[in-house]
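Following: one structure in structure tokens, then a few remarks.
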Amino acid sequence: MSVRKKKLLNQRSMILREMLQGLVSAYPDVVRLTDDGLIVRAQPKAPGKVGLVIGNGSGHEPAMIGFVGSGLFDVNVPGEIFTAPGPDRIVAGIKAADRGTGVLLCVSHHAGDLMNAEMALELCQMESGINVEMVVLYDDISSAPKGSEPERRGTAGLFFVWKMLGAYAETGASLTECKRLAEHIRDNTRTLALALTSAASPVTDEVMFELPDDEMEIGMGVHGEVGIGRHKLLSADATIDLMLPRLLEDLPFNAGDEVLVLLNNSGSMTLMELYILHRRVAQRLTEAGVHRYKSWIGPYATTQEMAGFALSLCRIDDHMKQLWDAPCNGAFLKGV
Amino acid sequence: MSVRKKKLLNQRSMILREMLQGLVSAYPDVVRLTDDGLIVRAQPKAPGKVGLVIGNGSGHEPAMIGFVGSGLFDVNVPGEIFTAPGPDRIVAGIKAADRGTGVLLCVSHHAGDLMNAEMALELCQMESGINVEMVVLYDDISSAPKGSEPERRGTAGLFFVWKMLGAYAETGASLTECKRLAEHIRDNTRTLALALTSAASPVTDEVMFELPDDEMEIGMGVHGEVGIGRHKLLSADATIDLMLPRLLEDLPFNAGDEVLVLLNNSGSMTLMELYILHRRVAQRLTEAGVHRYKSWIGPYATTQEMAGFALSLCRIDDHMKQLWDAPCNGAFLKGV
Amino acid sequence: MNGPDFVRLIQAIHTAMEAAQTELNALDSELGDGDHGGALATAFADAAEKAAALTNPTPSTVLAVTAQSLLNRMGGASGALYGTLFLRMSASCKDRTELTLADWQAALQAGLEGVQARGKAAPGDKTLVDALAPAVAAVSTSDTLGGAFAAAAAAAQAGADQTAEMVAKFGRAKFVGERARGHVDAGARSMAVLFAALHRYQEDEDGKT
Amino acid sequence: MNGPDFVRLIQAIHTAMEAAQTELNALDSELGDGDHGGALATAFADAAEKAAALTNPTPSTVLAVTAQSLLNRMGGASGALYGTLFLRMSASCKDRTELTLADWQAALQAGLEGVQARGKAAPGDKTLVDALAPAVAAVSTSDTLGGAFAAAAAAAQAGADQTAEMVAKFGRAKFVGERARGHVDAGARSMAVLFAALHRYQEDEDGKT
Ligand SMILES: Nc1ncnc2c1ncn2[C@@H]1O[C@H](COP(=O)(O)OP(=O)(O)O)[C@@H](O)[C@H]1O
Ligand SMILES: Nc1ncnc2c1ncn2[C@@H]1O[C@H](COP(=O)(O)OP(=O)(O)O)[C@@H](O)[C@H]1O
Ligand SMILES: [Mg+2]
Ligand SMILES: [Mg+2]
Ligand SMILES: [Mg+2]
Ligand SMILES: [Mg+2]
């Protein structure tokens with residue numbers, strides 16, 4: 001199974017810049033590109049509301065550039081492909097997001113993102129008068145065992161935080177309240193991913209890993225980090241039957257719980273496959289007595305053209321439902 | 001460049017049924033699956049408004065099952081993979097869509113779709129009291145020369161019709177008015193597609209065509225129909241520079257015209273590539289004096305996991321802008 | 001040929017299509033999407049089942065249920081065309097309990113006209129019409145069913161063979177242009193399979209009496 | 001070593017990183033994502049340019065602009081770690097116009113502490129710390145800059161070599177587990193390249209005098 005290295009690009013060194021220019025050319029009413037390469041809301045949030053920032057390596061589009069907008073993030077600090085941005089740019093992002101009452105810096109847990117965020121935080125505390133808090137987000141059950149949750153990686157399930165936290169900040173919640181909600185959503189979210197094929201870095205053209213034609217990898221990270229094991233290729237139903245119980249027992253999700261479901265396309269899965277997979281997820285959750293509030297199916301955080309998906313569950317309460325259903329307007333996420 | 005035949009499916013003969021079940025399991029508030037395999041709105045349109053139906057071969061998801069909902073289609077009649085549904089099922093779809101003032105049957109121009117639609121129309125005229133009109137839609141400039149527009153294929157650019165026609169029918173426009181608008185949008189829309197890789201039928205596992213690693217095919221149809229020629233792989237900018245002038249001169253789009261832009265992902269293009277492509281489209285349109293009203297970038301009509309895209313332009317006026325901006329709620333299209 | 005004969009005929013066609021399935025898929029793969037054999041086999045399986053379930057089969061009702069299976073189980077352009085063929089044949093013999101050679105001639109002629117009206121293809125366009133049209137013409141060259149069907153089968157196969165020389169003007173093969181030359185059209189070949197099955201069915205019947 | 005010396009030193013490190021780029025990328029490909037060499041070469045190119053543009057370079061300002069380039073042009077975990085190393089060294093010699101061996105020892109010690117505080121890796125975890133820590137220790141084994149840097153370069157390389165025996169506890173290589181054995185860590189090797197460049201720079205300087 002060879003990987004698509006054939007891509008429509010210009011100079012490799014210009015990928016990030018041209019991609020950002022392309023984004024804002026398409027959605028000028030939603031996002032702007034600043035001179036220092038930040039993606040910011042076209043209409044800034046009202047003064048007095050908490051600003052939300054996240055930095056991340058690029059190459060996972062629409063994450064995160066597609067989720068800046070009203071009811072979502074205020075600023076995204078995009079790094080080079082698969083490379084966390086440096087502290088100065090994160091500091092610039094924090095400043096750009098401040099509307100006078102402080103900024104919550106969200107970090108998708110990967111070593112580089114965390115280190116750079118910590119340095120940015122130190123710089124802010126030294127230098128500026130901005131009230132900044134940091135929240136480290138993780139969800140991938142394959143990257144560390146139960147009991148070591150803070151060592152887990154941040155993957156597609158962070159989407160639940162983006163959406164609901166974005167809505168919450170828009171209501172005028174305080175910095176402390178925003179941070180507490182982000183942690184609460186994180187602590188109620190669990191994700192497990194699966195890859196059918198590898199992907200190539202658009203910069204180096206290096207294929208991330210090799211996977212035989214009749215195997216799949218469970219627990220693959222969003223940069224091709226190896227997962228918890230390879231498995232012979234299974235049917236769609238058998239794949240869900242293998243993955244879902246692991247997710248359910250990790251939190252655990254119990255009968256009577258109400259959840260949001262995300263089936264995230266890692267890149268080149270067909271919607272056809274995802275809908276067939278969702279059918280089984282729905283059946284199995286019903287059997288387990290777990291109620292689905294809403295489901296989202298689509299490419300929210302990708303790894304280039306990798307064929308694979310992440311299944312993510314988030315346990316919710318009535319307040320979170322309200323936030324989930326609140327309007328938003330990002331380049332990749334409108335209405336709800 | 002090998003094609004991904006490795007898919008997460010159950011029995012091949014069950015693909016259509018399970019996909020539809022999966023869709024409605026995810027979006028029960030938007031769509032329902034009838035016993036005869038139609039996708040219909042969960043909340044039917046108000047009585048007295050024109051019903052909109054389209055039938056099509058499946059395998060192009062989200063088209064068309066993802067575009068049933070308020071402000072969109074009332075009914076979709078999904079056929080087997082890449083196979084138009086038969087006349088009886090189309091008739092059932094027409095009946096399901098009727099709210100007392102007639103139904104517009106939209107046909108994406110392909111031989112099978114047209115023949116079956118014509119038969120359905122004959123059956124309706126013989127049998128039922130429903131007032132049905134048919135509109136045949138086409139947009140792909142590569143499939144027949146200028147002057148022979150009605151021989152062209154219906155491809156991704158039909159999206160403009162779906163969205164604006166859906167909004168128009170919702171306003172209470174008459175059947176004649178709806179048909180006239182559909183024709184008007186069609187006659188102002190032009191599309192050209194490009195493929196970097198082939199795709200495989202999920203039913204037969206047959207690869208549609210072979211494309212060398214250093215070539216691309218211009219004008220590829222949505223079932224892998226060959227296009228107007230192969231070309232050495234170009235940069236993103238050079239690709240747009242090759243394609244856009246052909247689109248512009250075909251209508252022609254002139255300086256001062258206002259347009260909607262669609263960059264449709266055929267399957268496994270990355271958003272990164274599409275944004276970089278859009279950057280050039282925006283530059284070139286500006287140079288040509290053509291104003292962009294809005295741009296849409298995403299996988300709206302796919303050919304399985306084919307890597308490629310379609311660039312589509314639609315010339316609009318103020319009435320069409322209103323319709324474009326009207327709300328809608330389909331499984332794959334919310335807000336706007 | 002009466003109603004029950006037609007039920008057996010559809011069963012015979014189904015058997016022939018099952019046997020030809022791989023070959024037809026392979027032909028369709030060359031210029032189309034490789035599903036022609038599978039689609040016909042599935043549709044005729046359904047037709048054979050539905051025909052067998054008829055309580056009082058007449059030629060017309062057997063042809064009608066077959067048309068329904070072709071239209072709705074096969075789908076696509078070829079489903080519409082095959083379906084139209086059987087639908088028009090059914091209409092042409094609506095009041096008959098038994099079909100004579102003249103009835104067959106009239107029914108096939110009506111079917112051919114329907115197919116051409118629906119699909120717009122003329123002989124020479126590299127479609128199933130290139131097998132169907134000569135087969136329909138050949139039915140008039142004999143005055144027994146056995147002779148007529150033998151002639152039709154031969155004419156259909158000859159017509160199918162000739163499609164290898166043609167460039168397609170319809171169907172998916174249209175888009176491959178000159179590259180179509182050298183390949184037999186899948187739909188023309190499936191028509192030849194259909195007429196061969198009809199011929200063999202009649203031989204067996206004639207053998208019995 | 002004064003400010004202009006430091007400008008030349010950063011240029012020398014840049015040259016060494018350019019030369020080692022392919023090797024470092026290849027090492028990173030084995031266990032990571034293959035970008036380590038390219039990232040360092042780009043960042044040190046930027047640093048050399050920025051350092052050369054300083055009007056009154058001091059050791060501390062040269063180290064500070066280098067840190068900025070590493071942090072912001074390299075990005076990722078290794079950018080933060082390399083950047084922290086240079087940032088802490090810069091802070092430790094803030095008021096100095098010239099660095100003595102004792103200053104170097106203090107600066108490197110501060111840098112190492114910063115790297116470990118930031119990255120949490122200890123010796124044995126198969127990271128750049130496995131080259132940096134022994135290099136810093138070795139600087140105290142001589143009382144000339146030349147001797148100290150020679151010892152540091154040798155210790156860094158020995159430390160890098162030993163990473164081949166280890167399983168990674170940090171960085172992307174952490175996720176490959178036992179498969180990491182037999183491969184030298186890219187970051188440890190790049191630290192060895194850095195100390196080798198420092199050593200060679202000092203040899204050249206000592207040769208001049
Ligand atoms: N307009 C037409 N008129 C007559 N025959 C046609 C026409 N279009 C297609 N065909 C026939 O249909 C055959 C293909 O059938 P099939 O593979 O079942 O359909 P599809 O192309 O939709 O997959 C072609 O080989 C050709 O003989
Ligand atoms: N926590 C850490 N502490 C020390 N060094 C680390 C740590 N994490 C990663 N490294 C070093 O970084 C190197 C990889 O650098 P690089 O390839 O530039 O970064 P990335 O893995 O983000 O692509 C590893 O070889 C390792 O030496
Ligand atoms: Mg990297
Ligand atoms: Mg077909
Ligand atoms: Mg076919
Ligand atoms: Mg690396």
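Here's how to read the names in the structure tokens: chain A, B, ... by the order shown, residue numbers from 1 in each chain, ligand numbers from 1 in the order shown.
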Dump the neighbourhood of ligand 6 as a PyMOL selection string: all residues within 10 Å, distances computed on only C-alpha atoms and all ligand atoms. (chain A and resi 82-83) or (chain D and resi 24-39+76-78+171-173+186-187)
Identify every residue of chain B that has at least one atom within 6 Å of any atom of chain A, counting only C-alpha atoms, and report the result as a PyMOL selection string. chain B and resi 2+8-10+18-19+22-23+26+61+235-236+268+270-273+275-276+278-279+295+304-305+334-335
List the spatial neighbours of Asp5 (chain D) as a PyMOL selection string - criterion: any atom at most 12 Å away, only C-alpha atoms, same-chain residues fewer than 4 positions off excluded. chain D and resi 1+9-12+51-52+57-60+62-63+97-99+198+201-202+204-205
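One finds CA of Glu133 (chain A) at 14.2 Å from CA of Arg99 (chain A).
Take the candidates D:Leu132, D:Leu101, D:Leu70, D:Ala180 and check each one against chain A using only C-alpha atoms; the shortest distance goes to D:Leu70.
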At most 10 Å to chain D: residues in chain A, only C-alpha atoms, as a PyMOL selection string: chain A and resi 56-57+79-80+82-90+110-119+143+200-201+203-209+220-221+223-228
